Amino acid sequence: MYQAVLFDLDGTLLPMDFDTFVGQYFRLLAKKLAPHGYDPKALIAAIWEGTTAMVENPGNCTNEEAFWNCFCSRMGADARKDAPVFDEYYRKEFQQVQQVCGFAPEAVQAVQAVKAKGIPAVLATNPIFPAVATHSRIRWAGLAPEDFSFITTYENSRYCKPNLNYYHEICKTLALDPTRCLMVGNDVQEDLVARELGMDVFLLTDCLIDRKETDLSAIPHGGFADLLRFLD
């Protein structure tokens with residue numbers, strides 16, 4: 001029996017087209033911050049650079065710190081004072097992004113099936129968002145933050161996928177043996193890397209992302225029905 005099952009969120013439990021999601025996310029954020037003196041193009045460029053800083057974080061600070069250090073270096077030291085505006089955006093305007101996301105009842109079934117076996121479910125989403133935004137996306141998927149024993153966010157993480165240390169940090173935090181864990185995700189490059197720690201991996205293909213046309217014949221994969229059979 002697995003010690004834990006790790007679930008990705010975006011494109012896994014929450015169906016979405018990533019480019020459509022990002023477009024709506026940025027459009028609403030730029031509109032929110034324009035009255036505070038932010039040029040939309042400069043804002044979006046700075047956020048992308050901040051995201052890159054999180055993805056490349058070597059682990060000497062949290063992803064939250066990595067983002068804001070980079071963002072403020074581009075937009076000015078005073079930009080940090082606008083953090084409450086970002087928080088308000090995630091609580092309010094960000095909720096409209098749900099309109100471009102899908103919904104899969106089977107995602108709820110999968111998480112509940114794991115919990116019914118007495119196995120902890122871990123929300124292993126790439127931690128580039130604050131908790132407030134991650135918790136919202138969990139609810140969009142028909143689940144609750146309380147369904148998970150641990151949720152990675154930019155506040156509590158020092159690495160991002162596909163850095164192997166991201167998975168190692170989860171296992172260390174939760175005292176898990178990676179060889180007794182399952183990772184369920186939709187991104188071949190970001191999620192399949194967990195196998196290097198000895199984790200089993202199931203790739204959900206409904207919203208599959210594969211930048212290298214990987215041969216998946218030897219990797220457990222398929223839709224939610226296949227995942228539920230695999231979990232049984």
# chains A, B, ... in the order shown; residues from 1 in each chain; ligands from 1
>>> residues_around(residues="range 162-175 of chain A", least_positions_apart="4", cutoff="10 Å", atoms="only C-alpha atoms", output="PyMOL selection string")
chain A and resi 3-4+6+55-59+122+124+126-127+149-152+157-158+181+183+187-197+199
>>> write_last_selection(atoms="C-alpha atoms", output="PDB file, in the first residue's frame")
ATOM      1  CA  GLN A   3       2.194   5.810   2.055  1.00  0.00           C
ATOM      2  CA  ALA A   4       0.761   8.742   0.087  1.00  0.00           C
ATOM      3  CA  LEU A   6       0.515  12.980  -4.724  1.00  0.00           C
ATOM      4  CA  VAL A  55      11.384  27.651 -11.069  1.00  0.00           C
ATOM      5  CA  GLU A  56      15.146  28.188 -10.858  1.00  0.00           C
ATOM      6  CA  ASN A  57      15.159  28.657  -7.065  1.00  0.00           C
ATOM      7  CA  PRO A  58      18.205  26.746  -5.716  1.00  0.00           C
ATOM      8  CA  GLY A  59      16.516  26.387  -2.334  1.00  0.00           C
ATOM      9  CA  VAL A 122      -1.041  15.312  -1.098  1.00  0.00           C
ATOM     10  CA  ALA A 124       1.603  18.464  -5.306  1.00  0.00           C
ATOM     11  CA  ASN A 126       3.860  23.472  -8.841  1.00  0.00           C
ATOM     12  CA  PRO A 127       4.256  26.021  -6.014  1.00  0.00           C
ATOM     13  CA  SER A 149      -2.779  16.286   4.157  1.00  0.00           C
ATOM     14  CA  PHE A 150      -0.328  18.758   2.620  1.00  0.00           C
ATOM     15  CA  ILE A 151      -0.524  21.381  -0.139  1.00  0.00           C
ATOM     16  CA  THR A 152       2.534  22.899  -1.792  1.00  0.00           C
ATOM     17  CA  SER A 157       8.212  25.533  -0.839  1.00  0.00           C
ATOM     18  CA  ARG A 158      11.796  26.210  -1.867  1.00  0.00           C
ATOM     19  CA  CYS A 181       4.457   6.958  -3.094  1.00  0.00           C
ATOM     20  CA  MET A 183       2.556  10.799  -8.268  1.00  0.00           C
ATOM     21  CA  ASP A 187       2.940  17.038 -17.390  1.00  0.00           C
ATOM     22  CA  VAL A 188       5.468  14.512 -18.667  1.00  0.00           C
ATOM     23  CA  GLN A 189       8.520  16.655 -17.995  1.00  0.00           C
ATOM     24  CA  GLU A 190       7.397  18.018 -14.621  1.00  0.00           C
ATOM     25  CA  ASP A 191       5.720  14.975 -13.096  1.00  0.00           C
ATOM     26  CA  LEU A 192       7.500  11.967 -14.564  1.00  0.00           C
ATOM     27  CA  VAL A 193      10.771  13.168 -13.027  1.00  0.00           C
ATOM     28  CA  ALA A 194       9.475  11.848  -9.680  1.00  0.00           C
ATOM     29  CA  ARG A 195      10.430   8.368 -10.910  1.00  0.00           C
ATOM     30  CA  GLU A 196      14.055   9.328 -10.360  1.00  0.00           C
ATOM     31  CA  LEU A 197      13.334   9.216  -6.616  1.00  0.00           C
ATOM     32  CA  MET A 199       8.096   7.051  -7.026  1.00  0.00           C
TER      33      MET A 199
END
>>> residues_around(residues="range 105-110 of chain A", least_positions_apart="3", cutoff="9 Å", atoms="only C-alpha atoms", output="list in words")
Thr12, Leu13, Leu14, Ala113, Val114, Lys115, Ala141, Gly142, Leu143, Phe224, Ala225, Leu227, Leu228 and Leu231 of chain A
>>> write_last_selection(atoms="C-alpha atoms", output="short mmCIF file (atom, residue, chain, number, x, y, z; two decimals), in the first residue's frame")
data_model
loop_
_atom_site.label_atom_id
_atom_site.label_comp_id
_atom_site.auth_asym_id
_atom_site.auth_seq_id
_atom_site.Cartn_x
_atom_site.Cartn_y
_atom_site.Cartn_z
CA THR A 12 -4.91 16.98 -13.61
CA LEU A 13 -7.60 17.43 -10.96
CA LEU A 14 -8.61 20.71 -12.61
CA ALA A 113 -10.88 6.67 -3.49
CA VAL A 114 -7.38 7.27 -2.14
CA LYS A 115 -8.66 8.61 1.16
CA ALA A 141 -12.06 21.17 -8.92
CA GLY A 142 -14.90 20.27 -6.54
CA LEU A 143 -12.58 19.51 -3.65
CA PHE A 224 -9.69 9.03 -15.01
CA ALA A 225 -11.34 5.63 -15.52
CA LEU A 227 -6.57 5.95 -12.98
CA LEU A 228 -9.38 4.61 -10.81
CA LEU A 231 -5.74 2.81 -7.79
#
>>> select_by_dssp(residues="range 22-171 of chain A", states="helix (DSSP H, G or I)", output="ChimeraX atom specification")
/A:22-36,40-55,63-75,77-91,93-100,105-116,131-140,145-147,164-171
>>> residues_around(residues="Ile209 in chain A", least_positions_apart="2", cutoff="10 Å", atoms="only C-alpha atoms", output="count of residues only")
17
>>> select_by_dssp(residues="range 1-231 of chain A", states="strand (DSSP E)", output="PyMOL selection string")
chain A and resi 4-7+121-123+150-151+181-185+200-204+221-222
>>> atom_distance(atom1="CA of Asn63 in chain A", atom2="CA of Ala42 in chain A")
21.0 Å
>>> residues_around(residues="Phe86 in chain A", least_positions_apart="4", cutoff="9 Å", atoms="only C-alpha atoms", output="PyMOL selection string")
chain A and resi 29+32-33+82+90-91
>>> residues_around(residues="Glu49 in chain A", least_positions_apart="4", cutoff="10 Å", atoms="only C-alpha atoms", output="list in words")
Leu43, Ile44, Ala45, Ala53, Met54, Val55, Phe67, Cys70, Phe71 and Arg74 of chain A
>>> decode(residues="range 155-168 of chain A", atoms="all heavy atoms", output="mmCIF file, in the first residue's frame")
data_model
loop_
_atom_site.group_PDB
_atom_site.id
_atom_site.type_symbol
_atom_site.label_atom_id
_atom_site.label_comp_id
_atom_site.auth_asym_id
_atom_site.auth_seq_id
_atom_site.Cartn_x
_atom_site.Cartn_y
_atom_site.Cartn_z
ATOM 1 N N GLU A 155 4.495 29.808 -0.484
ATOM 2 C CA GLU A 155 4.926 30.185 0.868
ATOM 3 C C GLU A 155 5.718 29.081 1.563
ATOM 4 O O GLU A 155 6.596 29.365 2.380
ATOM 5 C CB GLU A 155 3.719 30.534 1.758
ATOM 6 C CG GLU A 155 2.951 31.780 1.347
ATOM 7 C CD GLU A 155 1.723 31.453 0.516
ATOM 8 O OE1 GLU A 155 1.669 30.344 -0.071
ATOM 9 O OE2 GLU A 155 0.812 32.294 0.457
ATOM 10 N N ASN A 156 5.398 27.812 1.275
ATOM 11 C CA ASN A 156 6.016 26.721 2.049
ATOM 12 C C ASN A 156 7.000 25.885 1.233
ATOM 13 O O ASN A 156 7.454 24.838 1.709
ATOM 14 C CB ASN A 156 4.934 25.813 2.662
ATOM 15 C CG ASN A 156 4.113 25.067 1.607
ATOM 16 O OD1 ASN A 156 4.498 24.976 0.450
ATOM 17 N ND2 ASN A 156 2.976 24.526 2.037
ATOM 18 N N SER A 157 7.344 26.318 0.034
ATOM 19 C CA SER A 157 8.212 25.533 -0.839
ATOM 20 C C SER A 157 9.445 26.322 -1.257
ATOM 21 O O SER A 157 9.389 27.541 -1.422
ATOM 22 C CB SER A 157 7.448 25.082 -2.088
ATOM 23 O OG SER A 157 6.308 24.324 -1.738
ATOM 24 N N ARG A 158 10.530 25.599 -1.467
ATOM 25 C CA ARG A 158 11.796 26.210 -1.867
ATOM 26 C C ARG A 158 12.255 25.751 -3.252
ATOM 27 O O ARG A 158 13.322 26.158 -3.716
ATOM 28 C CB ARG A 158 12.890 25.892 -0.835
ATOM 29 C CG ARG A 158 12.641 26.556 0.515
ATOM 30 C CD ARG A 158 13.659 26.132 1.560
ATOM 31 N NE ARG A 158 13.471 26.888 2.789
ATOM 32 C CZ ARG A 158 14.094 28.028 3.082
ATOM 33 N NH1 ARG A 158 14.975 28.527 2.224
ATOM 34 N NH2 ARG A 158 13.852 28.653 4.211
ATOM 35 N N TYR A 159 11.462 24.911 -3.860
ATOM 36 C CA TYR A 159 11.800 24.399 -5.191
ATOM 37 C C TYR A 159 10.530 24.332 -6.027
ATOM 38 O O TYR A 159 9.424 24.448 -5.507
ATOM 39 C CB TYR A 159 12.421 23.001 -5.103
ATOM 40 C CG TYR A 159 13.649 22.920 -4.227
ATOM 41 C CD1 TYR A 159 13.548 22.487 -2.908
ATOM 42 C CD2 TYR A 159 14.896 23.281 -4.715
ATOM 43 C CE1 TYR A 159 14.669 22.410 -2.093
ATOM 44 C CE2 TYR A 159 16.032 23.210 -3.909
ATOM 45 C CZ TYR A 159 15.911 22.773 -2.590
ATOM 46 O OH TYR A 159 17.013 22.713 -1.793
ATOM 47 N N CYS A 160 10.709 24.127 -7.321
ATOM 48 C CA CYS A 160 9.587 23.943 -8.244
ATOM 49 C C CYS A 160 9.849 22.721 -9.105
ATOM 50 O O CYS A 160 10.994 22.270 -9.256
ATOM 51 C CB CYS A 160 9.427 25.166 -9.153
ATOM 52 S SG CYS A 160 8.611 26.584 -8.376
ATOM 53 N N LYS A 161 8.806 22.179 -9.680
ATOM 54 C CA LYS A 161 8.970 21.171 -10.722
ATOM 55 C C LYS A 161 9.645 21.834 -11.925
ATOM 56 O O LYS A 161 9.401 23.008 -12.183
ATOM 57 C CB LYS A 161 7.605 20.643 -11.160
ATOM 58 C CG LYS A 161 6.744 20.040 -10.071
ATOM 59 C CD LYS A 161 5.386 19.666 -10.640
ATOM 60 C CE LYS A 161 4.442 19.172 -9.566
ATOM 61 N NZ LYS A 161 3.111 18.803 -10.121
ATOM 62 N N PRO A 162 10.504 21.149 -12.645
ATOM 63 C CA PRO A 162 10.835 19.732 -12.536
ATOM 64 C C PRO A 162 12.049 19.433 -11.665
ATOM 65 O O PRO A 162 12.628 18.343 -11.789
ATOM 66 C CB PRO A 162 11.115 19.359 -13.984
ATOM 67 C CG PRO A 162 11.763 20.597 -14.544
ATOM 68 C CD PRO A 162 11.058 21.751 -13.876
ATOM 69 N N ASN A 163 12.456 20.354 -10.805
ATOM 70 C CA ASN A 163 13.581 20.108 -9.909
ATOM 71 C C ASN A 163 13.249 18.920 -9.019
ATOM 72 O O ASN A 163 12.244 18.923 -8.299
ATOM 73 C CB ASN A 163 13.848 21.365 -9.069
ATOM 74 C CG ASN A 163 15.135 21.291 -8.275
ATOM 75 O OD1 ASN A 163 15.595 20.205 -7.895
ATOM 76 N ND2 ASN A 163 15.722 22.449 -7.995
ATOM 77 N N LEU A 164 14.108 17.919 -9.012
ATOM 78 C CA LEU A 164 13.864 16.723 -8.215
ATOM 79 C C LEU A 164 13.772 17.044 -6.726
ATOM 80 O O LEU A 164 13.108 16.329 -5.963
ATOM 81 C CB LEU A 164 14.971 15.694 -8.475
ATOM 82 C CG LEU A 164 14.685 14.242 -8.081
ATOM 83 C CD1 LEU A 164 13.478 13.712 -8.847
ATOM 84 C CD2 LEU A 164 15.911 13.377 -8.327
ATOM 85 N N ASN A 165 14.418 18.135 -6.328
ATOM 86 C CA ASN A 165 14.367 18.535 -4.918
ATOM 87 C C ASN A 165 12.957 18.921 -4.474
ATOM 88 O O ASN A 165 12.652 18.886 -3.286
ATOM 89 C CB ASN A 165 15.320 19.702 -4.657
ATOM 90 C CG ASN A 165 16.764 19.263 -4.606
ATOM 91 O OD1 ASN A 165 17.087 18.223 -4.036
ATOM 92 N ND2 ASN A 165 17.647 20.040 -5.218
ATOM 93 N N TYR A 166 12.095 19.289 -5.437
ATOM 94 C CA TYR A 166 10.703 19.586 -5.094
ATOM 95 C C TYR A 166 10.048 18.359 -4.472
ATOM 96 O O TYR A 166 9.407 18.436 -3.423
ATOM 97 C CB TYR A 166 9.939 20.031 -6.343
ATOM 98 C CG TYR A 166 8.437 20.039 -6.157
ATOM 99 C CD1 TYR A 166 7.808 21.054 -5.449
ATOM 100 C CD2 TYR A 166 7.645 19.008 -6.668
ATOM 101 C CE1 TYR A 166 6.427 21.055 -5.256
ATOM 102 C CE2 TYR A 166 6.272 18.996 -6.494
ATOM 103 C CZ TYR A 166 5.670 20.031 -5.779
ATOM 104 O OH TYR A 166 4.310 20.021 -5.587
ATOM 105 N N TYR A 167 10.215 17.220 -5.112
ATOM 106 C CA TYR A 167 9.630 15.982 -4.606
ATOM 107 C C TYR A 167 10.352 15.499 -3.345
ATOM 108 O O TYR A 167 9.725 14.991 -2.414
ATOM 109 C CB TYR A 167 9.668 14.902 -5.690
ATOM 110 C CG TYR A 167 8.813 15.246 -6.873
ATOM 111 C CD1 TYR A 167 9.362 15.797 -8.029
ATOM 112 C CD2 TYR A 167 7.427 15.046 -6.844
ATOM 113 C CE1 TYR A 167 8.574 16.123 -9.123
ATOM 114 C CE2 TYR A 167 6.632 15.375 -7.932
ATOM 115 C CZ TYR A 167 7.216 15.916 -9.062
ATOM 116 O OH TYR A 167 6.423 16.247 -10.134
ATOM 117 N N HIS A 168 11.650 15.684 -3.340
ATOM 118 C CA HIS A 168 12.428 15.292 -2.161
ATOM 119 C C HIS A 168 11.979 16.094 -0.939
ATOM 120 O O HIS A 168 11.859 15.541 0.168
ATOM 121 C CB HIS A 168 13.923 15.510 -2.421
ATOM 122 C CG HIS A 168 14.797 15.145 -1.255
ATOM 123 N ND1 HIS A 168 15.053 13.852 -0.888
ATOM 124 C CD2 HIS A 168 15.458 15.932 -0.357
ATOM 125 C CE1 HIS A 168 15.845 13.835 0.177
ATOM 126 N NE2 HIS A 168 16.097 15.084 0.516
#
